[in-house]
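K.L.:
So that you have it, the file is target_15.cif, and it contains mmCIF, C-alpha atoms:
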```cif
data_start
#
loop_
_atom_site.group_PDB
_atom_site.id
_atom_site.type_symbol
_atom_site.label_atom_id
_atom_site.label_comp_id
_atom_site.auth_asym_id
_atom_site.auth_seq_id
_atom_site.Cartn_x
_atom_site.Cartn_y
_atom_site.Cartn_z
ATOM 1 C CA MET A 1 8.146 -71.505 -34.515
ATOM 2 C CA SER A 2 5.555 -70.939 -37.176
ATOM 3 C CA PRO A 3 2.805 -73.482 -37.740
ATOM 4 C CA LYS A 4 3.233 -75.923 -40.586
ATOM 5 C CA ALA A 5 2.457 -74.032 -43.790
ATOM 6 C CA ASP A 6 -0.355 -75.253 -46.015
ATOM 7 C CA ALA A 7 1.005 -75.843 -49.523
ATOM 8 C CA SER A 8 -2.011 -74.067 -51.008
ATOM 9 C CA LEU A 9 -1.455 -70.901 -48.950
ATOM 10 C CA PRO A 10 1.488 -68.801 -50.209
ATOM 11 C CA ALA A 11 3.978 -67.660 -47.589
ATOM 12 C CA ARG A 12 4.901 -63.990 -47.347
ATOM 13 C CA PRO A 13 8.089 -63.031 -49.247
ATOM 14 C CA ALA A 14 10.692 -60.622 -47.866
ATOM 15 C CA PRO A 15 10.454 -56.995 -49.052
ATOM 16 C CA GLY A 16 12.566 -55.868 -52.006
ATOM 17 C CA VAL A 17 12.395 -56.217 -55.786
ATOM 18 C CA LEU A 18 14.665 -59.275 -56.043
ATOM 19 C CA ALA A 19 12.632 -61.040 -53.368
ATOM 20 C CA ASN A 20 9.522 -60.751 -55.526
ATOM 21 C CA PRO A 21 8.600 -64.377 -56.349
ATOM 22 C CA TYR A 22 6.982 -63.356 -59.641
ATOM 23 C CA LEU A 23 10.171 -61.619 -60.804
ATOM 24 C CA GLN A 24 12.194 -64.697 -59.850
ATOM 25 C CA LEU A 25 9.670 -66.881 -61.686
ATOM 26 C CA ALA A 26 10.075 -64.747 -64.828
ATOM 27 C CA LEU A 27 13.870 -64.825 -64.504
ATOM 28 C CA SER A 28 13.764 -68.593 -64.191
ATOM 29 C CA VAL A 29 11.595 -68.948 -67.314
ATOM 30 C CA VAL A 30 13.841 -66.689 -69.442
ATOM 31 C CA LEU A 31 17.001 -68.484 -68.304
ATOM 32 C CA THR A 32 15.489 -71.913 -68.955
ATOM 33 C CA ALA A 33 14.589 -70.890 -72.512
ATOM 34 C CA ALA A 34 18.105 -69.499 -73.056
ATOM 35 C CA ALA A 35 19.549 -72.741 -71.695
ATOM 36 C CA GLN A 36 17.590 -74.814 -74.237
ATOM 37 C CA LEU A 37 19.044 -72.729 -77.068
ATOM 38 C CA PHE A 38 22.573 -73.078 -75.656
ATOM 39 C CA LEU A 39 22.158 -76.827 -75.196
ATOM 40 C CA LYS A 40 20.794 -77.326 -78.706
ATOM 41 C CA ARG A 41 23.754 -75.424 -80.089
ATOM 42 C CA GLY A 42 26.184 -77.464 -78.011
ATOM 43 C CA ALA A 43 24.542 -80.881 -78.401
ATOM 44 C CA GLY A 44 24.093 -80.345 -82.136
ATOM 45 C CA ALA A 45 27.816 -79.683 -82.459
ATOM 46 C CA ALA A 46 28.782 -82.910 -80.669
ATOM 47 C CA LEU A 47 28.619 -85.443 -83.491
ATOM 48 C CA ASP A 48 29.554 -88.560 -81.565
ATOM 49 C CA ALA A 49 27.349 -87.976 -78.534
ATOM 50 C CA GLY A 50 26.175 -91.180 -76.919
ATOM 51 C CA TRP A 51 22.653 -91.794 -75.644
ATOM 52 C CA LEU A 52 23.321 -89.994 -72.398
ATOM 53 C CA GLY A 53 24.794 -87.022 -74.251
ATOM 54 C CA LEU A 54 27.946 -87.092 -72.132
ATOM 55 C CA ALA A 55 30.205 -86.311 -75.109
ATOM 56 C CA ALA A 56 28.446 -82.966 -75.452
ATOM 57 C CA VAL A 57 30.125 -81.650 -72.285
ATOM 58 C CA ARG A 58 33.148 -80.766 -74.452
ATOM 59 C CA SER A 59 31.166 -77.876 -75.952
ATOM 60 C CA PRO A 60 31.315 -74.471 -74.195
ATOM 61 C CA TRP A 61 27.697 -73.921 -75.260
ATOM 62 C CA VAL A 62 26.683 -76.850 -73.098
ATOM 63 C CA TRP A 63 28.475 -75.291 -70.125
ATOM 64 C CA CYS A 64 26.654 -71.982 -70.750
ATOM 65 C CA GLY A 65 23.398 -73.941 -70.857
ATOM 66 C CA MET A 66 24.211 -75.694 -67.585
ATOM 67 C CA ALA A 67 25.084 -72.396 -65.879
ATOM 68 C CA ALA A 68 21.801 -70.855 -67.044
ATOM 69 C CA LEU A 69 19.929 -73.933 -65.820
ATOM 70 C CA ILE A 70 21.540 -73.761 -62.374
ATOM 71 C CA VAL A 71 20.642 -70.084 -61.871
ATOM 72 C CA SER A 72 17.143 -70.678 -63.228
ATOM 73 C CA LEU A 73 16.737 -73.601 -60.836
ATOM 74 C CA LEU A 74 17.636 -71.399 -57.841
ATOM 75 C CA SER A 75 15.124 -68.747 -58.962
ATOM 76 C CA TRP A 76 12.521 -71.444 -59.539
ATOM 77 C CA LEU A 77 13.011 -72.988 -56.097
ATOM 78 C CA TYR A 78 12.730 -69.559 -54.476
ATOM 79 C CA ALA A 79 9.509 -68.836 -56.378
ATOM 80 C CA LEU A 80 8.065 -72.221 -55.391
ATOM 81 C CA ARG A 81 8.247 -71.188 -51.745
ATOM 82 C CA PHE A 82 5.488 -68.678 -52.415
ATOM 83 C CA VAL A 83 3.452 -69.733 -55.452
ATOM 84 C CA PRO A 84 1.594 -73.011 -56.139
ATOM 85 C CA LEU A 85 3.357 -75.483 -58.431
ATOM 86 C CA GLY A 86 0.460 -75.609 -60.906
ATOM 87 C CA PHE A 87 0.465 -71.838 -61.321
ATOM 88 C CA ALA A 88 4.263 -71.657 -61.684
ATOM 89 C CA CYS A 89 4.339 -74.485 -64.223
ATOM 90 C CA ASN A 90 1.642 -72.910 -66.381
ATOM 91 C CA LEU A 91 3.514 -69.595 -66.403
ATOM 92 C CA SER A 92 6.660 -71.483 -67.375
ATOM 93 C CA GLY A 93 4.768 -72.370 -70.569
ATOM 94 C CA ALA A 94 6.157 -69.055 -71.818
ATOM 95 C CA ILE A 95 9.310 -71.102 -72.482
ATOM 96 C CA HIS A 96 7.455 -72.529 -75.483
ATOM 97 C CA VAL A 97 7.059 -69.025 -76.861
ATOM 98 C CA LEU A 98 10.627 -67.932 -76.099
ATOM 99 C CA VAL A 99 12.355 -71.079 -77.427
ATOM 100 C CA PRO A 100 10.886 -71.136 -80.973
ATOM 101 C CA VAL A 101 11.301 -67.383 -81.321
ATOM 102 C CA GLY A 102 14.889 -67.766 -80.117
ATOM 103 C CA CYS A 103 15.443 -70.685 -82.526
ATOM 104 C CA TRP A 104 14.199 -68.477 -85.345
ATOM 105 C CA MET A 105 16.327 -65.472 -84.397
ATOM 106 C CA TRP A 106 19.514 -67.225 -83.297
ATOM 107 C CA LEU A 107 19.629 -70.746 -84.753
ATOM 108 C CA GLY A 108 18.047 -69.802 -88.077
ATOM 109 C CA GLU A 109 15.149 -72.272 -87.791
ATOM 110 C CA ALA A 110 12.035 -71.365 -89.769
ATOM 111 C CA ILE A 111 8.668 -70.554 -88.149
ATOM 112 C CA SER A 112 5.771 -71.743 -90.319
ATOM 113 C CA GLY A 113 2.252 -70.322 -90.176
ATOM 114 C CA ARG A 114 1.050 -73.303 -88.177
ATOM 115 C CA ARG A 115 3.894 -72.919 -85.728
ATOM 116 C CA CYS A 116 3.012 -69.234 -85.320
ATOM 117 C CA LEU A 117 -0.526 -70.283 -84.413
ATOM 118 C CA GLY A 118 0.850 -72.715 -81.823
ATOM 119 C CA ILE A 119 3.037 -70.028 -80.292
ATOM 120 C CA LEU A 120 0.017 -67.706 -80.068
ATOM 121 C CA LEU A 121 -2.028 -70.479 -78.383
ATOM 122 C CA VAL A 122 0.713 -71.008 -75.808
ATOM 123 C CA ALA A 123 0.905 -67.263 -75.180
ATOM 124 C CA ALA A 124 -2.886 -67.172 -74.688
ATOM 125 C CA GLY A 125 -2.649 -70.091 -72.260
ATOM 126 C CA VAL A 126 0.026 -68.334 -70.214
ATOM 127 C CA ILE A 127 -2.026 -65.118 -70.090
ATOM 128 C CA VAL A 128 -5.180 -66.993 -69.048
ATOM 129 C CA SER A 129 -3.207 -68.795 -66.332
ATOM 130 C CA ALA A 130 -1.687 -65.571 -65.051
ATOM 131 C CA ARG A 131 -5.076 -63.911 -64.578
ATOM 132 C CA PRO A 132 -6.408 -64.144 -61.043
ATOM 133 C CA ALA A 133 -9.214 -66.628 -60.512
ATOM 134 C CA SER A 134 -12.272 -65.039 -62.078
ATOM 135 C CA ALA A 135 -15.899 -64.947 -61.003
ATOM 136 C CA VAL A 136 -16.843 -67.602 -63.546
ATOM 137 C CA GLU A 137 -14.538 -70.068 -61.813
ATOM 138 C CA ARG A 138 -16.444 -73.135 -60.720
ATOM 139 C CA ARG A 139 -16.498 -73.800 -56.998
ATOM 140 C CA LEU A 140 -15.881 -77.484 -56.403
ATOM 141 C CA MET B 1 10.925 -94.001 -83.609
ATOM 142 C CA THR B 2 12.133 -97.044 -81.717
ATOM 143 C CA ALA B 3 10.880 -98.442 -78.428
ATOM 144 C CA LEU B 4 14.157 -97.293 -76.865
ATOM 145 C CA THR B 5 13.529 -93.712 -77.982
ATOM 146 C CA LEU B 6 9.991 -93.765 -76.625
ATOM 147 C CA SER B 7 11.153 -95.246 -73.313
ATOM 148 C CA LEU B 8 13.862 -92.623 -72.930
ATOM 149 C CA ILE B 9 11.397 -89.813 -73.674
ATOM 150 C CA ALA B 10 8.882 -91.230 -71.169
ATOM 151 C CA LEU B 11 11.602 -91.662 -68.544
ATOM 152 C CA SER B 12 12.852 -88.114 -69.066
ATOM 153 C CA GLU B 13 9.324 -86.697 -68.736
ATOM 154 C CA ALA B 14 8.567 -88.793 -65.638
ATOM 155 C CA CYS B 15 11.801 -87.543 -64.043
ATOM 156 C CA GLY B 16 10.764 -83.961 -64.747
ATOM 157 C CA ILE B 17 7.327 -84.367 -63.155
ATOM 158 C CA ALA B 18 8.632 -86.213 -60.093
ATOM 159 C CA GLY B 19 11.374 -83.609 -59.689
ATOM 160 C CA GLN B 20 8.907 -80.706 -59.680
ATOM 161 C CA LEU B 21 6.657 -82.430 -57.154
ATOM 162 C CA PHE B 22 9.678 -83.033 -54.874
ATOM 163 C CA PHE B 23 10.787 -79.408 -55.311
ATOM 164 C CA LYS B 24 7.415 -78.039 -54.279
ATOM 165 C CA LEU B 25 7.284 -80.485 -51.387
ATOM 166 C CA ALA B 26 10.717 -79.314 -50.218
ATOM 167 C CA MET B 27 10.159 -75.568 -50.684
ATOM 168 C CA GLY B 28 6.466 -75.056 -49.990
ATOM 169 C CA ARG B 29 6.389 -76.340 -46.442
ATOM 170 C CA ASP B 30 7.937 -75.462 -43.134
ATOM 171 C CA TRP B 31 10.393 -78.278 -42.455
ATOM 172 C CA SER B 32 11.904 -76.718 -39.326
ATOM 173 C CA HIS B 33 10.474 -79.553 -37.218
ATOM 174 C CA ALA B 34 12.293 -82.085 -39.448
ATOM 175 C CA PRO B 35 14.995 -80.350 -41.526
ATOM 176 C CA GLY B 36 16.464 -83.673 -42.617
ATOM 177 C CA ARG B 37 13.288 -84.671 -44.411
ATOM 178 C CA GLY B 38 13.083 -81.307 -46.163
ATOM 179 C CA ARG B 39 16.648 -81.687 -47.417
ATOM 180 C CA LEU B 40 15.892 -85.253 -48.471
ATOM 181 C CA ALA B 41 12.952 -84.064 -50.583
ATOM 182 C CA LEU B 42 15.159 -81.421 -52.231
ATOM 183 C CA ALA B 43 17.934 -83.974 -52.866
ATOM 184 C CA ALA B 44 15.447 -86.430 -54.359
ATOM 185 C CA GLY B 45 14.139 -83.683 -56.655
ATOM 186 C CA LEU B 46 17.660 -82.757 -57.760
ATOM 187 C CA ALA B 47 18.593 -86.401 -58.358
ATOM 188 C CA VAL B 48 15.644 -87.231 -60.615
ATOM 189 C CA MET B 49 15.966 -83.851 -62.358
ATOM 190 C CA ALA B 50 19.643 -84.512 -63.095
ATOM 191 C CA LEU B 51 18.827 -87.946 -64.515
ATOM 192 C CA GLY B 52 16.079 -86.475 -66.689
ATOM 193 C CA PHE B 53 18.433 -83.687 -67.792
ATOM 194 C CA PHE B 54 21.126 -86.027 -69.119
ATOM 195 C CA ILE B 55 18.573 -88.217 -70.901
ATOM 196 C CA TRP B 56 17.099 -85.056 -72.463
ATOM 197 C CA LEU B 57 20.561 -83.907 -73.537
ATOM 198 C CA GLY B 58 21.154 -87.258 -75.235
ATOM 199 C CA LEU B 59 17.801 -87.022 -77.032
ATOM 200 C CA LEU B 60 18.582 -83.463 -78.163
ATOM 201 C CA SER B 61 21.804 -84.672 -79.787
ATOM 202 C CA LYS B 62 19.862 -87.281 -81.794
ATOM 203 C CA PHE B 63 16.629 -85.517 -82.700
ATOM 204 C CA ASP B 64 15.320 -82.076 -83.600
ATOM 205 C CA LEU B 65 13.817 -80.112 -80.742
ATOM 206 C CA SER B 66 10.637 -79.952 -82.834
ATOM 207 C CA PHE B 67 10.260 -83.743 -82.671
ATOM 208 C CA LEU B 68 10.641 -83.814 -78.893
ATOM 209 C CA TYR B 69 8.204 -80.960 -78.296
ATOM 210 C CA PRO B 70 4.786 -82.695 -78.297
ATOM 211 C CA PHE B 71 5.863 -84.741 -75.286
ATOM 212 C CA GLU B 72 6.425 -81.471 -73.423
ATOM 213 C CA GLY B 73 2.776 -80.592 -74.036
ATOM 214 C CA LEU B 74 1.583 -83.868 -72.533
ATOM 215 C CA ASN B 75 4.015 -83.384 -69.671
ATOM 216 C CA ARG B 76 2.392 -80.073 -68.646
ATOM 217 C CA LEU B 77 -1.041 -81.644 -68.378
ATOM 218 C CA LEU B 78 0.333 -84.547 -66.313
ATOM 219 C CA LEU B 79 2.210 -82.148 -64.045
ATOM 220 C CA LEU B 80 -0.966 -80.207 -63.233
ATOM 221 C CA LEU B 81 -2.720 -83.506 -62.457
ATOM 222 C CA GLY B 82 0.219 -84.454 -60.239
ATOM 223 C CA ALA B 83 0.032 -81.144 -58.366
ATOM 224 C CA ALA B 84 -3.695 -81.650 -57.796
ATOM 225 C CA PHE B 85 -3.395 -85.300 -56.776
ATOM 226 C CA PHE B 86 -0.148 -85.455 -54.774
ATOM 227 C CA LEU B 87 0.153 -81.895 -53.442
ATOM 228 C CA ARG B 88 -3.602 -81.286 -53.053
ATOM 229 C CA GLU B 89 -3.244 -77.963 -54.859
ATOM 230 C CA LYS B 90 -6.469 -76.310 -55.905
ATOM 231 C CA ILE B 91 -6.269 -76.041 -59.692
ATOM 232 C CA THR B 92 -8.515 -73.158 -60.776
ATOM 233 C CA ALA B 93 -10.549 -73.170 -63.988
ATOM 234 C CA ASN B 94 -8.118 -70.581 -65.369
ATOM 235 C CA LEU B 95 -5.192 -72.946 -64.856
ATOM 236 C CA TRP B 96 -6.984 -75.879 -66.534
ATOM 237 C CA LEU B 97 -7.946 -73.691 -69.495
ATOM 238 C CA GLY B 98 -4.433 -72.282 -69.578
ATOM 239 C CA VAL B 99 -2.749 -75.684 -69.617
ATOM 240 C CA LEU B 100 -5.065 -76.924 -72.391
ATOM 241 C CA LEU B 101 -4.182 -73.896 -74.538
ATOM 242 C CA ILE B 102 -0.482 -74.317 -73.785
ATOM 243 C CA SER B 103 -0.495 -78.063 -74.539
ATOM 244 C CA ALA B 104 -2.460 -77.563 -77.783
ATOM 245 C CA GLY B 105 -0.069 -74.793 -78.758
ATOM 246 C CA VAL B 106 2.977 -76.925 -77.990
ATOM 247 C CA VAL B 107 1.648 -79.772 -80.163
ATOM 248 C CA LEU B 108 0.957 -77.334 -83.010
ATOM 249 C CA VAL B 109 4.431 -75.827 -82.679
ATOM 250 C CA ALA B 110 5.960 -79.296 -82.819
ATOM 251 C CA GLY B 111 3.911 -80.662 -85.673
ATOM 252 C CA SER B 112 4.685 -77.886 -88.120
#
```
Output the file's structure in the form of structure tokens.
P.N.:
Amino acid sequence: MSPKADASLPARPAPGVLANPYLQLALSVVLTAAAQLFLKRGAGAALDAGWLGLAAVRSPWVWCGMAALIVSLLSWLYALRFVPLGFACNLSGAIHVLVPVGCWMWLGEAISGRRCLGILLVAAGVIVSARPASAVERRL
Amino acid sequence: MTALTLSLIALSEACGIAGQLFFKLAMGRDWSHAPGRGRLALAAGLAVMALGFFIWLGLLSKFDLSFLYPFEGLNRLLLLLGAAFFLREKITANLWLGVLLISAGVVLVAGS
């Protein structure tokens, strides 16, 4: 029996492409963004939705969104076995790039100049987070 | 924006943060000495996530995604604090800088 794993030390994943936690993390992020678009489409179509949104379950878009969320959750949980939560959550910020771009392409929502700047900031934040800890990092 | 709206947004965000902390707790450790507790952590994460999900769905049916977005930005900062405080994760300077850029970007995206 292995010793109790330290949460800050990543475990070793099984070999194989699908077992790569970073691939699963990316898959989870893409599916979560897709799910938001599906849910917006479905929830927007349900006119009489109550506060809990239960009426929206009549829309097939909502079911697509739920399916995408379930698969993304499984990928996310797998990735969390190996990567720290803070790192994974920062990388999931890419959702905020994918969702507005998806809204623009698929739902016909406009992207203003200011919104473009925001999307670029988020993208920069994700890239900074993805870089390995640099030499300028402060030792606490 | 009514007090009810604000409460529902806050509740949804709190559910999301608590859910992620439970998920990491359940997945990131070896629970073979106490599998019941590992499953309990996972179940707790799923339960609060499900609650937050249905509240979020209700909010989406009432408001534009762009209105709900700034709260996501705040959520990311709080989640990193939660990971540092509750999970004792070492948050590198890159991650702090990254989350600040992401949160600022999210607020800009929402406010336009």
K.L.:
Can you tell me which residues surround stretch 67-78 of chain A at a distance of at most 9 Å, considering only C-alpha atoms, apart from same-chain residues fewer than 6 positions away, and format the answer as a count of residues only?
P.N.:
21
K.L.:
If you count all atoms listed in the file, which residues fall within 9 Å of A:Trp61, apart from same-chain ones fewer than 2 positions away, as a JSON list (two decimals) with C-alpha atoms, in the coordinates of the input?
P.N.:
```json
[["chain", "number", "residue", "atom", "x", "y", "z"],
["A", 35, "ALA", "CA", 19.55, -72.74, -71.69],
["A", 37, "LEU", "CA", 19.04, -72.73, -77.07],
["A", 38, "PHE", "CA", 22.57, -73.08, -75.66],
["A", 39, "LEU", "CA", 22.16, -76.83, -75.20],
["A", 40, "LYS", "CA", 20.79, -77.33, -78.71],
["A", 41, "ARG", "CA", 23.75, -75.42, -80.09],
["A", 42, "GLY", "CA", 26.18, -77.46, -78.01],
["A", 43, "ALA", "CA", 24.54, -80.88, -78.40],
["A", 57, "VAL", "CA", 30.12, -81.65, -72.28],
["A", 58, "ARG", "CA", 33.15, -80.77, -74.45],
["A", 59, "SER", "CA", 31.17, -77.88, -75.95],
["A", 63, "TRP", "CA", 28.48, -75.29, -70.12],
["A", 64, "CYS", "CA", 26.65, -71.98, -70.75],
["A", 65, "GLY", "CA", 23.40, -73.94, -70.86],
["A", 66, "MET", "CA", 24.21, -75.69, -67.58]]
```
K.L.:
Evaluate the PyMOL selection byres ((chain B) within 6 of (chain A)) and record the selected residues as a list in words, following the chain and residue labels used in the document.
P.N.:
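On this input, the PyMOL selection byres ((chain B) within 6 of (chain A)) captures Lys24, Met27, Gly28, Arg29, Asp30, Phe54, Ile55, Leu57, Gly58, Ser61, Leu80, Glu89, Ala93, Asn94, Leu95, Gly98, Leu101, Ile102, Gly105, Leu108, Val109 and Ser112 of chain B.
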K.L.:
I want to know what sits within 7 Å of stretch 68-75 of chain B, based on all atoms listed in the file, with residues of the same chain fewer than 5 positions away left out; could you give that as a VMD selection string?
P.N.:
chain B and resid 13 103 106 to 107 110
K.L.:
Provide the atom CA of B:Gly16 to atom CA of B:Leu46 distance in Å, to one decimal place.
P.N.:
9.9 Å
K.L.:
Between atom CA of B:Val99 and atom CA of B:Lys62, what is the spacing in Å?
P.N.:
28.2 Å
K.L.:
Rounded to one decimal in Å, what is the spacing between atom CA of B:Arg37 and atom CA of B:Phe86?
P.N.:
17.0 Å
K.L.:
Could you pull out every residue with an atom within 10 Å of (16.3, -86.0, -60.3), file coordinates, counting only C-alpha atoms, and send them as a short mmCIF file (atom, residue, chain, number, x, y, z; two decimals) with C-alpha atoms, in the coordinates of the input?
P.N.:
```cif
data_model
loop_
_atom_site.label_atom_id
_atom_site.label_comp_id
_atom_site.auth_asym_id
_atom_site.auth_seq_id
_atom_site.Cartn_x
_atom_site.Cartn_y
_atom_site.Cartn_z
CA SER B 12 12.85 -88.11 -69.07
CA ALA B 14 8.57 -88.79 -65.64
CA CYS B 15 11.80 -87.54 -64.04
CA GLY B 16 10.76 -83.96 -64.75
CA ILE B 17 7.33 -84.37 -63.16
CA ALA B 18 8.63 -86.21 -60.09
CA GLY B 19 11.37 -83.61 -59.69
CA GLN B 20 8.91 -80.71 -59.68
CA PHE B 22 9.68 -83.03 -54.87
CA PHE B 23 10.79 -79.41 -55.31
CA LEU B 42 15.16 -81.42 -52.23
CA ALA B 43 17.93 -83.97 -52.87
CA ALA B 44 15.45 -86.43 -54.36
CA GLY B 45 14.14 -83.68 -56.66
CA LEU B 46 17.66 -82.76 -57.76
CA ALA B 47 18.59 -86.40 -58.36
CA VAL B 48 15.64 -87.23 -60.62
CA MET B 49 15.97 -83.85 -62.36
CA ALA B 50 19.64 -84.51 -63.10
CA LEU B 51 18.83 -87.95 -64.52
CA GLY B 52 16.08 -86.48 -66.69
CA PHE B 53 18.43 -83.69 -67.79
#
```
K.L.:
Return the single residue from B:Leu21, B:Leu60, B:Leu6, B:Ala41 that is closest to B:Ala84, with distances computed using all atoms listed in the file.
P.N.:
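For B:Ala84, the nearest of the candidates is B:Leu21.
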K.L.:
Each side padded by 4 Å, which centre and which edge lengths in Å (one decimal) define the axis-aligned box around the listed atoms of stretch 96-99 of chain A? Give them as JSON.
P.N.:
```
{"center_x": 9.7, "center_y": -70.2, "center_z": -76.5, "size_x": 13.3, "size_y": 12.6, "size_z": 9.9}
```
